[in-house]
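*Asks:* Contents of protein-v2.txt (compact mmCIF, C-alpha atoms (C1' of nucleotides)) are given next:
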# COMPACT_ATOMS: atom_id res chain seq x y z
CA MET A 1 1.27 -1.37 4.07
CA PRO A 2 0.93 1.82 2.18
CA GLU A 3 -1.08 4.50 3.94
CA GLY A 4 0.36 7.99 4.15
CA HIS A 5 2.69 7.33 7.06
CA THR A 6 4.47 4.67 5.00
CA LEU A 7 5.21 7.13 2.21
CA HIS A 8 6.56 9.74 4.61
CA ARG A 9 8.84 7.13 6.10
CA LEU A 10 9.97 6.16 2.62
CA ALA A 11 10.78 9.76 1.72
CA ALA A 12 12.88 10.04 4.86
CA GLU A 13 14.66 6.79 4.06
CA TYR A 14 15.45 7.81 0.50
CA ASN A 15 16.83 11.12 1.76
CA ALA A 16 18.91 9.51 4.49
CA ARG A 17 20.47 7.02 2.12
CA PHE A 18 20.71 8.85 -1.19
CA ARG A 19 20.21 12.59 -0.95
CA GLY A 20 23.10 14.63 -2.29
CA ARG A 21 24.81 11.63 -3.78
CA PRO A 22 25.13 10.35 -7.33
CA THR A 23 22.98 7.30 -7.80
CA HIS A 24 22.56 4.45 -10.20
CA SER A 25 19.08 3.70 -11.49
CA CYS A 26 17.90 0.63 -13.31
CA SER A 27 14.78 -1.45 -13.88
CA PRO A 28 15.61 -5.16 -13.83
CA GLN A 29 11.98 -5.92 -14.66
CA GLY A 30 12.17 -3.61 -17.66
CA ARG A 31 8.96 -1.68 -17.22
CA PHE A 32 10.74 1.43 -15.97
CA ALA A 33 13.89 0.89 -18.02
CA PRO A 34 13.83 3.86 -20.43
CA GLU A 35 13.05 6.28 -17.61
CA ALA A 36 15.61 4.74 -15.28
CA THR A 37 18.23 5.30 -17.97
CA ARG A 38 17.37 9.00 -18.07
CA ILE A 39 18.17 9.52 -14.40
CA ASP A 40 21.03 7.05 -14.15
CA GLY A 41 24.05 8.72 -12.58
CA GLN A 42 22.13 11.74 -11.29
CA VAL A 43 22.12 13.12 -7.77
CA LEU A 44 19.01 12.75 -5.67
CA VAL A 45 18.15 16.33 -4.76
CA ASN A 46 15.27 15.56 -2.44
CA ALA A 47 12.49 13.08 -1.78
CA GLU A 48 9.16 14.10 -0.33
CA ALA A 49 5.75 12.60 0.26
CA ASN A 50 2.30 14.03 -0.16
CA GLY A 51 -0.55 11.74 0.79
CA LYS A 52 0.22 8.32 -0.63
CA HIS A 53 2.51 9.74 -3.31
CA LEU A 54 6.30 9.86 -3.26
CA PHE A 55 8.29 12.34 -5.33
CA ALA A 56 12.03 11.85 -5.77
CA GLU A 57 13.72 14.78 -7.47
CA PHE A 58 16.70 14.22 -9.74
CA GLY A 59 17.37 17.63 -11.25
CA GLU A 60 14.79 18.30 -13.93
CA HIS A 61 13.33 14.85 -13.53
CA VAL A 62 11.00 13.83 -10.73
CA VAL A 63 10.27 10.17 -10.11
CA HIS A 64 6.69 9.78 -8.98
CA VAL A 65 5.82 6.60 -7.11
CA HIS A 66 2.44 5.40 -5.91
CA LEU A 67 2.52 2.05 -4.17
CA GLY A 68 -1.15 1.24 -4.67
CA LEU A 69 -2.32 -1.73 -2.68
CA LEU A 70 0.64 -3.95 -3.38
CA GLY A 71 3.73 -1.86 -3.79
CA LYS A 72 6.71 -2.19 -1.50
CA VAL A 73 10.19 -0.73 -1.12
CA THR A 74 13.03 -2.69 0.42
CA PHE A 75 16.20 -0.94 1.56
CA THR A 76 19.43 -2.86 1.86
CA PRO A 77 22.50 -1.25 3.40
CA ALA A 78 25.86 -2.94 3.09
CA THR A 79 29.38 -2.20 4.22
CA ARG A 80 32.50 -4.06 3.38
CA SER A 81 36.18 -3.64 3.81
CA SER A 82 38.27 -4.90 0.93
CA ALA A 83 40.57 -6.56 3.42
CA GLY A 84 38.26 -7.41 6.27
CA GLY A 85 35.06 -8.82 4.89
CA LYS A 86 32.67 -6.83 7.08
CA GLY A 87 28.98 -6.68 6.42
CA LEU A 88 27.60 -8.22 3.29
CA GLY A 89 29.84 -9.41 0.53
CA SER A 90 32.49 -12.02 0.36
CA GLY A 91 35.43 -10.03 1.71
CA GLY A 92 38.33 -12.26 2.64
CA ALA A 93 41.09 -12.49 0.13
CA ILE A 94 39.66 -10.08 -2.41
CA ARG A 95 42.10 -7.18 -2.67
CA GLN A 96 40.51 -5.28 -5.52
CA PRO A 97 36.81 -5.53 -4.88
CA GLU A 98 34.00 -5.15 -7.38
CA PRO A 99 31.58 -3.41 -5.05
CA GLU A 100 28.80 -3.10 -7.58
CA ILE A 101 28.69 -6.82 -7.83
CA ASP A 102 28.65 -8.11 -4.31
CA LEU A 103 27.46 -5.20 -2.18
CA VAL A 104 24.15 -5.13 -3.97
CA PRO A 105 21.67 -7.94 -3.47
CA ALA A 106 20.58 -10.11 -6.39
CA ALA A 107 17.64 -8.66 -8.32
CA VAL A 108 14.86 -11.09 -7.45
CA GLY A 109 11.24 -10.93 -8.61
CA ALA A 110 9.49 -8.17 -10.49
CA LEU A 111 11.86 -5.38 -9.56
CA ARG A 112 10.52 -2.18 -11.11
CA TRP A 113 13.09 0.34 -9.92
CA ARG A 114 16.41 -0.20 -8.23
CA LEU A 115 18.29 2.80 -6.91
CA THR A 116 21.83 2.17 -5.69
CA THR A 117 24.88 4.02 -4.64
CA VAL A 118 28.23 2.47 -3.90
CA ASP A 119 30.99 4.61 -2.47
CA ALA A 120 34.57 4.06 -1.65
CA ALA A 121 34.24 5.45 1.83
CA ALA A 122 37.83 6.62 2.25
CA GLY A 123 37.87 10.33 1.55
CA ASN A 124 34.11 10.52 1.49
CA GLN A 125 33.09 13.12 4.03
CA MET A 126 29.72 11.57 4.52
CA TYR A 127 31.30 8.41 5.78
CA PRO A 128 34.52 9.25 7.62
CA VAL A 129 36.56 6.18 8.33
CA ASP A 130 39.67 5.53 10.32
CA ALA A 131 42.42 7.24 8.38
CA ALA A 132 44.91 4.75 9.73
CA ALA A 133 43.16 1.88 8.04
CA ASP A 134 45.05 0.84 4.96
CA ASP A 135 42.20 -1.10 3.45
CA GLN A 136 39.47 0.48 1.41
CA MET A 137 35.95 0.70 2.83
CA TYR A 138 32.91 0.43 0.60
CA ARG A 139 29.40 1.40 1.55
CA ALA A 140 26.37 0.61 -0.52
CA ASN A 141 22.71 1.43 -0.36
CA THR A 142 20.03 -0.24 -2.38
CA ALA A 143 16.35 0.69 -2.61
CA ASP A 144 14.21 -1.86 -4.46
CA LEU A 145 10.69 -0.96 -5.55
CA ARG A 146 8.24 -3.71 -6.44
CA GLY A 147 4.59 -3.72 -7.47
CA PRO A 148 3.76 -0.01 -7.55
CA THR A 149 0.66 1.32 -9.24
CA ALA A 150 2.75 4.21 -10.55
CA CYS A 151 6.46 4.60 -11.16
CA GLU A 152 7.10 7.30 -13.72
CA ILE A 153 9.13 10.40 -14.46
CA LEU A 154 7.20 13.66 -14.30
CA THR A 155 8.11 17.20 -15.22
CA PRO A 156 7.71 19.81 -12.46
CA GLY A 157 4.47 20.89 -14.12
CA GLU A 158 3.12 17.36 -14.04
CA VAL A 159 4.09 17.11 -10.39
CA ASP A 160 1.97 20.17 -9.70
CA ILE A 161 -0.99 18.51 -11.38
CA VAL A 162 -0.69 15.39 -9.21
CA MET A 163 -0.21 17.48 -6.08
CA GLY A 164 -3.16 19.65 -7.04
CA ARG A 165 -5.48 16.67 -6.99
CA LEU A 166 -4.66 16.00 -3.34
CA GLY A 167 -6.37 17.45 -0.33
CA PRO A 168 -4.56 18.32 2.90
CA ASP A 169 -2.10 15.73 4.20
CA PRO A 170 -2.18 15.48 8.02
CA LEU A 171 1.54 14.75 7.98
CA ARG A 172 2.49 17.96 6.19
CA LEU A 173 2.99 21.24 7.99
CA ASP A 174 1.41 23.12 5.08
CA ALA A 175 -1.87 21.19 5.37
CA ASP A 176 -5.09 23.16 5.65
CA PRO A 177 -7.80 20.94 7.15
CA ASP A 178 -10.46 23.43 6.15
CA ILE A 179 -10.07 22.30 2.54
CA GLY A 180 -11.17 18.81 3.60
CA TRP A 181 -13.96 20.23 5.70
CA GLN A 182 -15.39 22.17 2.76
CA ARG A 183 -15.87 18.90 0.92
CA VAL A 184 -17.15 16.88 3.88
CA SER A 185 -19.62 19.46 5.08
CA LYS A 186 -21.34 19.71 1.71
CA SER A 187 -21.62 16.01 0.97
CA ARG A 188 -24.43 13.53 1.45
CA MET A 189 -21.98 10.67 1.16
CA PRO A 190 -21.28 8.54 4.24
CA ILE A 191 -18.44 9.89 6.32
CA ALA A 192 -16.68 6.53 5.89
CA ALA A 193 -16.60 7.03 2.12
CA LEU A 194 -15.48 10.66 2.41
CA LEU A 195 -12.51 9.74 4.57
CA MET A 196 -11.18 7.53 1.77
CA ASP A 197 -11.36 10.45 -0.67
CA GLN A 198 -7.81 11.76 -1.07
CA ARG A 199 -9.19 15.26 -1.66
CA VAL A 200 -10.56 15.23 1.90
CA ALA A 201 -7.47 13.98 3.73
CA ALA A 202 -4.54 12.80 1.63
CA GLY A 203 -2.85 9.71 2.99
CA VAL A 204 -5.78 8.25 4.89
CA GLY A 205 -6.49 4.64 3.93
CA ASN A 206 -8.73 1.85 5.10
CA ILE A 207 -7.11 1.36 8.51
CA TYR A 208 -6.93 4.99 9.59
CA ARG A 209 -10.44 5.52 8.25
CA ALA A 210 -11.97 2.71 10.31
CA GLU A 211 -9.99 3.49 13.43
CA LEU A 212 -10.64 7.22 13.31
CA LEU A 213 -14.38 6.67 13.08
CA TYR A 214 -14.19 4.28 16.00
CA ARG A 215 -12.18 6.67 18.16
CA HIS A 216 -14.76 9.39 17.53
CA ARG A 217 -17.68 6.99 18.07
CA LEU A 218 -19.12 7.94 14.71
CA ASP A 219 -21.58 5.86 12.74
CA PRO A 220 -19.65 5.24 9.50
CA MET A 221 -22.80 5.73 7.46
CA MET A 222 -23.58 9.19 8.74
CA GLU A 223 -23.73 11.76 5.96
CA GLY A 224 -20.75 14.08 5.82
CA ARG A 225 -22.92 17.18 5.84
CA LEU A 226 -24.28 16.21 9.27
CA LEU A 227 -20.84 16.30 10.85
CA ARG A 228 -20.12 19.36 12.96
CA ALA A 229 -17.13 21.60 12.43
CA ALA A 230 -15.84 20.93 15.94
CA GLU A 231 -16.04 17.19 15.27
CA TRP A 232 -14.03 17.57 12.09
CA GLN A 233 -11.42 19.61 13.95
CA ALA A 234 -11.15 16.93 16.61
CA MET A 235 -10.86 14.19 13.98
CA TRP A 236 -8.18 16.11 12.12
CA GLY A 237 -6.14 16.66 15.26
CA ASP A 238 -6.43 12.98 16.04
CA LEU A 239 -5.32 12.04 12.53
CA VAL A 240 -2.23 14.22 12.88
CA THR A 241 -1.34 12.50 16.16
CA LEU A 242 -2.02 8.97 14.94
CA MET A 243 -0.25 9.36 11.62
CA ARG A 244 2.81 11.03 13.19
CA LEU A 245 3.03 8.07 15.53
CA GLY A 246 2.79 5.82 12.47
CA VAL A 247 5.73 7.60 10.85
CA LEU A 248 7.79 7.10 14.00
CA THR A 249 6.98 3.44 14.50
CA GLY A 250 6.23 2.20 11.01
CA ARG A 251 2.93 0.65 12.13
CA ILE A 252 -0.60 1.75 12.83
CA ASP A 253 -1.50 1.81 16.51
CA THR A 254 -4.78 3.41 17.46
CA VAL A 255 -5.70 1.93 20.83
CA ARG A 256 -5.87 4.47 23.65
CA PRO A 257 -3.70 3.86 26.72
CA GLU A 258 -6.66 2.74 28.84
CA HIS A 259 -7.46 -0.01 26.33
CA GLU A 260 -3.95 -1.31 25.84
CA PRO A 261 -3.27 -4.93 26.78
CA GLU A 262 -1.52 -4.07 30.06
CA ALA A 263 -4.27 -1.69 31.16
CA MET A 264 -7.02 -4.20 30.42
CA GLY A 265 -5.13 -7.32 31.42
CA ARG A 266 -5.63 -8.88 28.03
CA GLN A 267 -3.36 -10.56 25.53
CA PRO A 268 -1.78 -8.29 22.90
CA ARG A 269 -3.38 -8.78 19.54
CA MET A 270 -0.71 -8.67 16.90
CA ASP A 271 -1.89 -9.40 13.42
CA ARG A 272 -0.24 -9.15 10.04
CA HIS A 273 0.06 -5.40 9.99
CA GLY A 274 1.61 -5.37 13.46
CA GLY A 275 -0.37 -2.65 15.24
CA GLU A 276 -2.99 -2.60 17.97
CA VAL A 277 -6.34 -1.51 16.58
CA TYR A 278 -9.98 -1.40 17.66
CA VAL A 279 -11.89 -2.59 14.62
CA TYR A 280 -9.79 -3.06 11.50
CA ARG A 281 -9.92 -6.71 10.41
CA ARG A 282 -11.57 -7.70 13.67
CA SER A 283 -14.99 -8.62 12.29
CA GLY A 284 -16.80 -11.12 14.49
CA GLN A 285 -14.45 -10.52 17.41
CA PRO A 286 -15.74 -8.73 20.51
CA CYS A 287 -15.17 -5.01 20.73
CA LEU A 288 -12.37 -4.26 23.20
CA VAL A 289 -14.60 -1.75 24.95
CA CYS A 290 -18.23 -2.92 24.78
CA GLY A 291 -17.86 -6.58 23.83
CA ILE A 292 -20.28 -6.46 20.90
CA PRO A 293 -18.95 -8.26 17.81
CA ILE A 294 -17.20 -6.00 15.30
CA ARG A 295 -18.99 -5.82 11.98
CA MET A 296 -17.74 -5.72 8.43
CA ALA A 297 -19.46 -4.58 5.27
CA GLU A 298 -18.37 -3.60 1.80
CA LEU A 299 -18.54 0.09 1.02
CA ALA A 300 -17.44 1.34 -2.40
CA GLY A 301 -15.52 -1.85 -3.01
CA ARG A 302 -13.56 -1.78 0.23
CA ASN A 303 -14.09 -3.56 3.50
CA LEU A 304 -15.37 -1.32 6.24
CA PHE A 305 -15.08 -2.36 9.90
CA TRP A 306 -16.97 -0.82 12.80
CA CYS A 307 -18.46 -1.51 16.21
CA PRO A 308 -22.25 -1.17 16.19
CA GLY A 309 -22.19 -0.73 19.96
CA CYS A 310 -19.67 2.08 20.29
CA GLN A 311 -20.22 3.91 17.02
CA ARG A 312 -23.66 5.35 17.48
CA ARG A 313 -22.95 9.00 17.03
CA SER A 314 -25.19 9.79 14.12
CA ARG A 315 -27.74 12.44 13.32
CA ARG A 316 -29.10 10.47 10.43
CA ARG A 317 -27.76 7.61 8.39
CA SER A 318 -27.03 7.85 4.73
CA PRO A 319 -29.84 6.33 2.63
CA ILE A 320 -27.13 4.49 0.70
CA SER A 321 -26.71 2.08 3.54
CA ARG A 322 -29.96 2.03 5.43
CA GLN A 323 -30.87 -1.63 5.37
C1' DT B 324 0.48 -26.00 -7.17
C1' DG B 325 -3.53 -23.23 -7.21
C1' DT B 326 -6.70 -19.77 -5.27
C1' DC B 327 -7.80 -15.93 -2.74
C1' DC B 328 -7.01 -11.70 -0.73
C1' DA B 329 -4.99 -7.11 0.49
C1' DT B 330 -3.49 -0.61 4.05
C1' DG B 331 -5.29 1.78 -3.87
C1' DA B 332 -6.85 4.12 -7.77
C1' DT B 333 -8.52 4.59 -12.51
C1' DC B 334 -11.51 3.93 -16.28
C1' DA B 335 -15.68 2.73 -18.89
C1' DA B 336 -20.44 2.14 -18.75
C1' DT C 337 -20.64 -0.24 -10.06
C1' DG C 338 -17.60 -3.48 -12.09
C1' DA C 339 -13.32 -4.57 -14.42
C1' DT C 340 -8.68 -3.96 -14.32
C1' DC C 341 -3.78 -3.38 -13.04
C1' DC C 342 0.25 -4.38 -9.89
C1' DT C 343 2.80 -8.58 -6.28
C1' DG C 344 3.36 -11.75 -2.71
C1' DG C 345 1.79 -14.10 1.41
C1' DA C 346 -1.60 -17.19 3.53
C1' DC C 347 -4.09 -20.94 3.01
C1' DA C 348 -6.24 -24.99 0.69
C1' DT C 349 -5.61 -28.98 -2.07
Take the structure in the file and give it back as structure tokens.
*Replies:*
Amino acid sequence: MPEGHTLHRLAAEYNARFRGRPTHSCSPQGRFAPEATRIDGQVLVNAEANGKHLFAEFGEHVVHVHLGLLGKVTFTPATRSSAGGKGLGSGGAIRQPEPEIDLVPAAVGALRWRLTTVDAAAGNQMYPVDAAADDQMYRANTADLRGPTACEILTPGEVDIVMGRLGPDPLRLDADPDIGWQRVSKSRMPIAALLMDQRVAAGVGNIYRAELLYRHRLDPMMEGRLLRAAEWQAMWGDLVTLMRLGVLTGRIDTVRPEHEPEAMGRQPRMDRHGGEVYVYRRSGQPCLVCGIPIRMAELAGRNLFWCPGCQRRSRRRSPISRQ
DNA sequence: TGTCCATGATCAA
DNA sequence: TGATCCTGGACAT
């Protein structure tokens, strides 16, 4: 799942559920245990994303998370009344609840970092409840992180180093696309390889890369230096639009309105990642537009998908791939 | 039950 | 460029 839009959604989720509140940190798996202890009980000041990186600030300590290919965060909200048994938890006859125990799901699997907060909601301004109710309300939030490439505590200086390695992020207002262009316009590498370089456009991954090239009818193997400035500007604007949509919906949809199932009278094509796309993971299937089979090839260790019919815009192909 | 694969990135050679 | 790390779902046996 993790391209940039996923991380920006995660930052928003962490903020919505934890920001400004004391939290409990632990590492049931153990691999983050010493660090989790250091931030246990601290207030989440803010969470933000840059590219595929998430930074969660707890005072002096910043938790840096990179999901890699496999990482995942699961959020579990729970609400329970000590007398009513709402939401998760056993409820019923329990008059003096142990919210930490049954509002939080069991720690299953390789759980690197668990962040929780459990509040008695009565008197908590963030969760006003009916003052007439004589039973106590408890609200819990749990965020479970599994399988990240990185989960570590950084100092503010170390955060700057990580941030400094990243190019402009289309999802950030402070992004300067010209920084990416400087790198692209000087490179002989195929544009498809450049788009995966986080110094060119932070947050772009294999799906956005393939789909962006398709939408701009670009031969993936064209050298970056042969791209025109106006083309880069158009691609950047498109990335901003597509990735913002991804943040809103939580999936990657790249098919233009005129090629959507209703417009073309075709069946929706929902695969594992849930979005409607032109080429990603569609090798061998006919292109939605020209009907030519989508192709797949390995480029720098990753699968690249493209339509040889539609993606002909090329001034010259990179010698790396001329076959 | 075992094998393969994946929206990523780093390191050594 | 290849090896490696991380986890879980799909698929084969």
*Asks:* Residues of chain A near chain C: apply a cut-off of 12 Å, count all atoms listed in the file, and supply the list as a short mmCIF file (atom, residue, chain, number, x, y, z; two decimals) with C-alpha atoms, in the coordinates of the input.
*Replies:*
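The result, stored in out22.cif:
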data_model
loop_
_atom_site.label_atom_id
_atom_site.label_comp_id
_atom_site.auth_asym_id
_atom_site.auth_seq_id
_atom_site.Cartn_x
_atom_site.Cartn_y
_atom_site.Cartn_z
CA ARG A 31 8.96 -1.68 -17.22
CA HIS A 66 2.44 5.40 -5.91
CA LEU A 67 2.52 2.05 -4.17
CA GLY A 68 -1.15 1.24 -4.67
CA LEU A 69 -2.32 -1.73 -2.68
CA LEU A 70 0.64 -3.95 -3.38
CA GLY A 71 3.73 -1.86 -3.79
CA LYS A 72 6.71 -2.19 -1.50
CA VAL A 73 10.19 -0.73 -1.12
CA GLY A 109 11.24 -10.93 -8.61
CA ALA A 110 9.49 -8.17 -10.49
CA LEU A 111 11.86 -5.38 -9.56
CA ARG A 112 10.52 -2.18 -11.11
CA LEU A 145 10.69 -0.96 -5.55
CA ARG A 146 8.24 -3.71 -6.44
CA GLY A 147 4.59 -3.72 -7.47
CA PRO A 148 3.76 -0.01 -7.55
CA THR A 149 0.66 1.32 -9.24
CA ALA A 150 2.75 4.21 -10.55
CA CYS A 151 6.46 4.60 -11.16
CA ARG A 272 -0.24 -9.15 10.04
CA LEU A 299 -18.54 0.09 1.02
CA ALA A 300 -17.44 1.34 -2.40
CA GLY A 301 -15.52 -1.85 -3.01
#
*Asks:* Write down, as a VMD selection string, each residue of chain A that has any atom within 7 Å of an atom of chain B, counting all atoms listed in the file.
*Replies:* chain A and resid 1 to 3 68 to 69 205 to 207
*Asks:* For a test of reading the model, state the distance in Å between atom CA of A:Ala192 and atom CA of A:His64, rounded to one decimal.
*Replies:*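 Result for atom CA of A:Ala192 versus atom CA of A:His64: 27.9 Å, one decimal.
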*Asks:* Around the point (22.2, 5.3, 4.8), in the coordinates given by the file, pick out the residues reaching within 7 Å, counting all atoms listed in the file, and return them as a PyMOL selection string.
*Replies:* chain A and resi 16-17+77+141
*Asks:* If you count all atoms listed in the file, which residues fall within 10 Å of A:Gly4, apart from same-chain ones fewer than 2 positions away, as a list in words?
*Replies:*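 Residues meeting the cut-off are Met1, Pro2, Thr6, Leu7, His8, Arg9, Leu10, Ala49, Asn50, Gly51, Lys52, His53, Leu54, Asp169, Pro170, Leu171, Ala201, Ala202, Gly203, Val204, Gly205, Tyr208, Met243, Arg244, Gly246 and Val247 of chain A; DT330 of chain B.
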*Asks:* Have a look at atom CA of A:Gln267 and atom CA of A:Leu239 and let me know their distance in Å, one decimal.
*Replies:* 26.1 Å
*Asks:* Atom CA of A:Arg228 and atom CA of A:Pro286, how far apart in Å?
*Replies:* 29.4 Å
*Asks:* With the input short on atoms, add N, CA and C atoms back to stretch 276-296 of chain A and write it as a PDB file, keeping the file's coordinate frame.
*Replies:*
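This went into rebuild_9.pdb:
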ATOM      1  N   GLU A 276      -1.821  -2.354  17.123  1.00  0.00           N
ATOM      2  CA  GLU A 276      -2.990  -2.600  17.970  1.00  0.00           C
ATOM      3  C   GLU A 276      -4.110  -1.695  17.501  1.00  0.00           C
ATOM      4  N   VAL A 277      -5.230  -2.299  17.102  1.00  0.00           N
ATOM      5  CA  VAL A 277      -6.340  -1.510  16.580  1.00  0.00           C
ATOM      6  C   VAL A 277      -7.649  -1.945  17.236  1.00  0.00           C
ATOM      7  N   TYR A 278      -8.670  -1.102  17.076  1.00  0.00           N
ATOM      8  CA  TYR A 278      -9.980  -1.400  17.660  1.00  0.00           C
ATOM      9  C   TYR A 278     -10.842  -2.278  16.753  1.00  0.00           C
ATOM     10  N   VAL A 279     -10.904  -1.921  15.473  1.00  0.00           N
ATOM     11  CA  VAL A 279     -11.890  -2.590  14.620  1.00  0.00           C
ATOM     12  C   VAL A 279     -11.333  -3.186  13.332  1.00  0.00           C
ATOM     13  N   TYR A 280     -10.264  -2.633  12.816  1.00  0.00           N
ATOM     14  CA  TYR A 280      -9.790  -3.060  11.500  1.00  0.00           C
ATOM     15  C   TYR A 280      -9.461  -4.559  11.477  1.00  0.00           C
ATOM     16  N   ARG A 281     -10.092  -5.263  10.573  1.00  0.00           N
ATOM     17  CA  ARG A 281      -9.920  -6.710  10.410  1.00  0.00           C
ATOM     18  C   ARG A 281     -10.255  -7.486  11.688  1.00  0.00           C
ATOM     19  N   ARG A 282     -11.182  -6.977  12.456  1.00  0.00           N
ATOM     20  CA  ARG A 282     -11.570  -7.700  13.670  1.00  0.00           C
ATOM     21  C   ARG A 282     -13.018  -8.158  13.596  1.00  0.00           C
ATOM     22  N   SER A 283     -13.578  -8.283  12.397  1.00  0.00           N
ATOM     23  CA  SER A 283     -14.990  -8.620  12.290  1.00  0.00           C
ATOM     24  C   SER A 283     -15.284  -9.949  12.995  1.00  0.00           C
ATOM     25  N   GLY A 284     -16.384  -9.936  13.750  1.00  0.00           N
ATOM     26  CA  GLY A 284     -16.800 -11.120  14.490  1.00  0.00           C
ATOM     27  C   GLY A 284     -16.187 -11.208  15.877  1.00  0.00           C
ATOM     28  N   GLN A 285     -15.069 -10.505  16.084  1.00  0.00           N
ATOM     29  CA  GLN A 285     -14.450 -10.520  17.410  1.00  0.00           C
ATOM     30  C   GLN A 285     -15.121  -9.471  18.299  1.00  0.00           C
ATOM     31  N   PRO A 286     -15.090  -9.701  19.619  1.00  0.00           N
ATOM     32  CA  PRO A 286     -15.740  -8.730  20.510  1.00  0.00           C
ATOM     33  C   PRO A 286     -14.992  -7.410  20.550  1.00  0.00           C
ATOM     34  N   CYS A 287     -15.755  -6.339  20.588  1.00  0.00           N
ATOM     35  CA  CYS A 287     -15.170  -5.010  20.730  1.00  0.00           C
ATOM     36  C   CYS A 287     -14.382  -4.953  22.045  1.00  0.00           C
ATOM     37  N   LEU A 288     -13.206  -4.351  22.006  1.00  0.00           N
ATOM     38  CA  LEU A 288     -12.370  -4.260  23.200  1.00  0.00           C
ATOM     39  C   LEU A 288     -13.054  -3.496  24.312  1.00  0.00           C
ATOM     40  N   VAL A 289     -13.987  -2.628  23.954  1.00  0.00           N
ATOM     41  CA  VAL A 289     -14.600  -1.750  24.950  1.00  0.00           C
ATOM     42  C   VAL A 289     -15.978  -2.249  25.377  1.00  0.00           C
ATOM     43  N   CYS A 290     -16.858  -2.566  24.408  1.00  0.00           N
ATOM     44  CA  CYS A 290     -18.230  -2.920  24.780  1.00  0.00           C
ATOM     45  C   CYS A 290     -18.540  -4.411  24.623  1.00  0.00           C
ATOM     46  N   GLY A 291     -17.668  -5.135  23.937  1.00  0.00           N
ATOM     47  CA  GLY A 291     -17.860  -6.580  23.830  1.00  0.00           C
ATOM     48  C   GLY A 291     -18.748  -7.032  22.688  1.00  0.00           C
ATOM     49  N   ILE A 292     -19.425  -6.096  22.038  1.00  0.00           N
ATOM     50  CA  ILE A 292     -20.280  -6.460  20.900  1.00  0.00           C
ATOM     51  C   ILE A 292     -19.402  -6.828  19.709  1.00  0.00           C
ATOM     52  N   PRO A 293     -19.793  -7.853  18.939  1.00  0.00           N
ATOM     53  CA  PRO A 293     -18.950  -8.260  17.810  1.00  0.00           C
ATOM     54  C   PRO A 293     -18.755  -7.130  16.784  1.00  0.00           C
ATOM     55  N   ILE A 294     -17.530  -6.980  16.335  1.00  0.00           N
ATOM     56  CA  ILE A 294     -17.200  -6.000  15.300  1.00  0.00           C
ATOM     57  C   ILE A 294     -17.849  -6.446  14.000  1.00  0.00           C
ATOM     58  N   ARG A 295     -18.341  -5.501  13.244  1.00  0.00           N
ATOM     59  CA  ARG A 295     -18.990  -5.820  11.980  1.00  0.00           C
ATOM     60  C   ARG A 295     -18.142  -5.409  10.791  1.00  0.00           C
ATOM     61  N   MET A 296     -18.420  -6.056   9.676  1.00  0.00           N
ATOM     62  CA  MET A 296     -17.740  -5.720   8.430  1.00  0.00           C
ATOM     63  C   MET A 296     -18.762  -5.649   7.318  1.00  0.00           C
TER      64      MET A 296
END
